[in-house]
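**Student:** Mind having a look at this structure? Questions to follow.
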Amino acid sequence: EAEVAQSPRYKITEKSQAVAFWCDPISGHATLYWYRQILGQGPELLVQFQDESVVDDSQLPKDRFSAERLKGVDSTLKIQPAELGDSAMYLCASSFRGRAYNEQFFGPGTRLTVL
Amino acid sequence: GQQLNQSPQSMFIQEGEDVSMNCTSSSIFNTWLWYKQEPGEGPVLLIALYKAGELTSNGRLTAQFGITRKDSFLNISASIPSDVGIYFCAVTPNAGNMLTFGGGTRLMVKP
């Protein structure tokens with residue numbers, strides 16, 4: 001069964017360091033999303049791509065976060081420099097076009113701990 | 001901003017019992033989704049609802065899209081230990097927009 005792949009699954013870093021997360025969506029899914037989930041809360045959208053273009057990055061802290069999807073397939077989310085408050089689960093999701101557009105499928109996430 | 005209220009926040013039930021949880025909003029939404037998340041994993045889509053009044057089942061799970069388009073409920077019949085997890089409702093106002101998630105209902109099942 002097709003799945004969204006993410007790596008690494010866990011990342012521990014010190015504050016002020018740079019970190020990067022990778023996501024490979026389900027094959028054929030044009031839309032890719034990055035969410036951040038703080039422990040005990042629901043996920044919150046950071047950025048949405050349609051193919052290689054950013055559709056919505058209004059919630060992305062652009063002073064330290066960046067995201068790219070250069071060829072419209074896999075994507076990278078970067079944080080530089082990391083801060084203590086960035087500790088969270090970072091989830092990637094993808095969806096197909098058409099009526100099923102809203103049915104987003106999530107990867108296993110990357111658990112980030114900033115020390 | 002948009003806000004979804006899920007209740008109850010947590011439930012501790014006996015195996016075999018039926019479970020009911022709901023999600024309400026002060027705003028109208030055109031799509032309601034229910035996800036389950038287990039510890040250390042990403043949310044898994046359970047049921048998607050697109051039409052007001054729609055009742056949809058997926059095995060032991062049944063969800064309904066409220067007629068006012070401001071609420072939805074999820075029922076689980078004959079709970080089993082593997083039903084343990086956090087259940088999130090999520091909405092989108094229009095096709096293609098971001099998902100907004102509720103705070104979740106944590107379900108614990110005692111064997």
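The way I read the labels, and the way they are meant: chains A, B, ... in the order of the structure tokens, residue 1 as the first residue of every chain, and ligand 1 as the first ligand shown, with later ones counted on from there.
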Taking only residues of chain B that have an atom at most 9 Å from an atom of chain A, what is each one's shortest atom pair and its distance in Å to one decimal, using only C-alpha atoms, in chain and number order, as CSV?

**Tutor:**
residue,atom,partner,partner_atom,distance
B:Thr31,CA,A:Asn102,CA,7.6
B:Leu33,CA,A:Glu103,CA,7.7
B:Gly40,CA,A:Pro108,CA,7.4
B:Glu41,CA,A:Pro108,CA,4.7
B:Gly42,CA,A:Pro108,CA,4.4
B:Pro43,CA,A:Phe106,CA,6.0
B:Val44,CA,A:Phe106,CA,6.6
B:Leu45,CA,A:Phe105,CA,6.7
B:Ala48,CA,A:Glu103,CA,7.0
B:Phe88,CA,A:Gly42,CA,7.2
B:Val91,CA,A:Asn102,CA,8.7
B:Thr92,CA,A:Asn102,CA,7.2
B:Asn94,CA,A:Asn102,CA,8.6
B:Ala95,CA,A:Asn102,CA,6.2
B:Gly96,CA,A:Tyr101,CA,5.9
B:Asn97,CA,A:Asn102,CA,7.7
B:Met98,CA,A:Leu45,CA,6.7
B:Leu99,CA,A:Leu45,CA,7.3
B:Thr100,CA,A:Glu44,CA,7.0
B:Phe101,CA,A:Gly42,CA,5.4
B:Gly102,CA,A:Gly42,CA,6.0
B:Gly103,CA,A:Gly42,CA,5.3
B:Gly104,CA,A:Gly42,CA,6.6

**Student:** Using only C-alpha atoms, which residues sit within 9 Å of Thr24 in chain B once same-chain residues fewer than 2 positions away are excluded, as a CSV table (one decimal) with N, CA and C atoms, in the first residue's frame?

**Tutor:**
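Done, and the output landed in around-v2.csv:
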chain,number,residue,atom,x,y,z
B,3,GLN,N,-12.2,27.4,15.0
B,3,GLN,CA,-11.9,26.6,16.2
B,3,GLN,C,-12.9,25.5,16.2
B,4,LEU,N,-12.3,24.3,16.4
B,4,LEU,CA,-13.1,23.1,16.6
B,4,LEU,C,-13.1,22.6,18.0
B,5,ASN,N,-14.2,22.3,18.6
B,5,ASN,CA,-14.3,21.8,19.9
B,5,ASN,C,-14.6,20.3,19.9
B,6,GLN,N,-13.7,19.5,20.4
B,6,GLN,CA,-14.0,18.1,20.5
B,6,GLN,C,-14.3,17.7,21.9
B,7,SER,N,-15.3,16.8,22.1
B,7,SER,CA,-15.6,16.3,23.4
B,7,SER,C,-16.0,14.8,23.3
B,22,ASN,N,-17.8,13.7,19.7
B,22,ASN,CA,-18.3,14.7,18.7
B,22,ASN,C,-17.4,15.9,18.6
B,26,SER,N,-18.5,26.9,15.5
B,26,SER,CA,-19.4,28.0,15.3
B,26,SER,C,-19.5,28.4,13.9
B,27,SER,N,-18.7,27.8,13.0
B,27,SER,CA,-18.6,28.1,11.6
B,27,SER,C,-19.1,26.9,10.8
B,70,LYS,N,-22.2,22.3,11.0
B,70,LYS,CA,-21.3,22.8,12.1
B,70,LYS,C,-20.9,21.8,13.1
B,71,ASP,N,-21.2,20.5,12.8
B,71,ASP,CA,-20.8,19.5,13.7
B,71,ASP,C,-20.7,18.1,13.1
B,72,SER,N,-20.1,17.2,13.8
B,72,SER,CA,-20.0,15.8,13.3
B,72,SER,C,-19.8,14.9,14.5
B,73,PHE,N,-20.2,13.7,14.4
B,73,PHE,CA,-19.9,12.8,15.5
B,73,PHE,C,-19.3,11.5,14.9
B,102,GLY,N,-9.2,19.6,15.4
B,102,GLY,CA,-9.7,19.8,16.7
B,102,GLY,C,-8.6,19.4,17.7

**Student:** So that I can see what lies close to Ala18 in chain A, please list as a CSV table (one decimal) with all heavy atoms, in the first residue's frame the residues with an atom at most 9 Å from it, counting only C-alpha atoms and leaving out residues fewer than 3 positions away in the same chain.

**Tutor:**
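Generated file (around.csv):
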chain,number,residue,atom,x,y,z
A,13,THR,N,18.7,17.8,18.5
A,13,THR,CA,19.7,18.8,18.1
A,13,THR,C,19.8,19.9,19.2
A,13,THR,O,19.0,20.0,20.1
A,13,THR,CB,19.3,19.5,16.8
A,13,THR,OG1,20.4,20.3,16.3
A,13,THR,CG2,18.1,20.4,17.0
A,14,GLU,N,20.9,20.6,19.2
A,14,GLU,CA,21.0,21.7,20.1
A,14,GLU,C,20.5,23.0,19.5
A,14,GLU,O,20.5,23.2,18.3
A,14,GLU,CB,22.5,21.9,20.5
A,14,GLU,CG,23.1,20.7,21.3
A,14,GLU,CD,24.5,20.9,21.7
A,14,GLU,OE1,25.2,21.8,21.2
A,14,GLU,OE2,24.9,20.2,22.7
A,15,LYS,N,20.1,23.9,20.4
A,15,LYS,CA,19.5,25.2,19.8
A,15,LYS,C,20.6,25.9,19.1
A,15,LYS,O,21.8,25.7,19.4
A,15,LYS,CB,19.0,26.1,21.0
A,15,LYS,CG,20.0,26.5,22.0
A,15,LYS,CD,19.4,27.4,23.0
A,15,LYS,CE,20.4,27.8,24.1
A,15,LYS,NZ,19.8,28.7,25.1
A,78,LYS,N,13.4,22.9,6.4
A,78,LYS,CA,14.6,23.2,7.1
A,78,LYS,C,14.3,24.3,8.2
A,78,LYS,O,13.5,25.2,8.0
A,78,LYS,CB,15.6,23.8,6.2
A,78,LYS,CG,16.1,22.8,5.1
A,78,LYS,CD,17.1,23.4,4.2
A,78,LYS,CE,17.6,22.5,3.1
A,78,LYS,NZ,18.5,23.1,2.1
A,79,ILE,N,15.0,24.1,9.3
A,79,ILE,CA,14.9,25.1,10.4
A,79,ILE,C,16.4,25.5,10.7
A,79,ILE,O,17.3,24.7,10.9
A,79,ILE,CB,14.3,24.5,11.7
A,79,ILE,CG1,13.0,23.8,11.4
A,79,ILE,CG2,14.1,25.6,12.7
A,79,ILE,CD1,12.4,23.1,12.6
A,80,GLN,N,16.6,26.8,10.6
A,80,GLN,CA,17.9,27.4,10.9
A,80,GLN,C,17.8,28.8,11.4
A,80,GLN,O,17.4,29.7,10.6
A,80,GLN,CB,18.8,27.3,9.7
A,80,GLN,CG,20.2,27.8,10.0
A,80,GLN,CD,21.2,27.6,8.8
A,80,GLN,OE1,20.7,27.3,7.7
A,80,GLN,NE2,22.5,27.6,9.0
A,81,PRO,N,18.2,29.1,12.6
A,81,PRO,CA,18.6,28.2,13.7
A,81,PRO,C,17.5,27.6,14.5
A,81,PRO,O,16.4,28.2,14.6
A,81,PRO,CB,19.5,29.1,14.6
A,81,PRO,CG,18.8,30.4,14.5
A,81,PRO,CD,18.2,30.5,13.1
A,82,ALA,N,17.6,26.4,15.0
A,82,ALA,CA,16.6,25.8,15.8
A,82,ALA,C,16.5,26.5,17.2
A,82,ALA,O,17.5,26.9,17.7
A,82,ALA,CB,16.8,24.3,16.0

**Student:** If we count only C-alpha atoms, what is near Leu55 in chain B at a cut-off of 8 Å, once residues fewer than 5 positions away on the same chain are taken out, given as a compact mmCIF listing (two decimals) with N, CA, C and O atoms, in the first residue's frame?

**Tutor:**
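As written to disk, part_13.txt reads:
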# COMPACT_ATOMS: atom_id res chain seq x y z
N LEU B 49 -16.29 13.01 5.16
CA LEU B 49 -17.70 13.35 4.98
C LEU B 49 -17.81 14.62 4.15
O LEU B 49 -17.19 15.63 4.47
N THR B 62 -18.64 4.62 12.62
CA THR B 62 -19.70 5.32 11.91
C THR B 62 -19.56 6.80 12.22
O THR B 62 -19.39 7.18 13.38
N ALA B 63 -19.62 7.64 11.18
CA ALA B 63 -19.51 9.08 11.38
C ALA B 63 -20.63 9.77 10.63
O ALA B 63 -21.10 9.29 9.59
N GLN B 64 -21.09 10.89 11.17
CA GLN B 64 -22.13 11.66 10.51
C GLN B 64 -21.72 13.12 10.41
O GLN B 64 -21.14 13.69 11.33
N PHE B 65 -22.06 13.71 9.28
CA PHE B 65 -21.85 15.13 9.00
C PHE B 65 -23.16 15.83 9.39
O PHE B 65 -24.20 15.56 8.82

**Student:** Between A:Asp51, A:Glu83, A:Asp57, A:Asp74, single out the one closest to Ser7 in chain A, counting only C-alpha atoms.

**Tutor:**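 When distances to Ser7 in chain A are compared using only C-alpha atoms, the smallest one comes from A:Asp74.
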
**Student:** Have a look at CA of Arg69 in chain A and CA of Gln6 in chain A and let me know their distance in Å, one decimal.

**Tutor:**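 Atom-to-atom, CA of Arg69 in chain A to CA of Gln6 in chain A, that is 14.0 Å.
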
**Student:** Report, in Å with one decimal, the straight-line distance from CA of Met108 in chain B to CA of Asn58 in chain B.

**Tutor:**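 Going from CA of Met108 in chain B over to CA of Asn58 in chain B, I get 20.1 Å.
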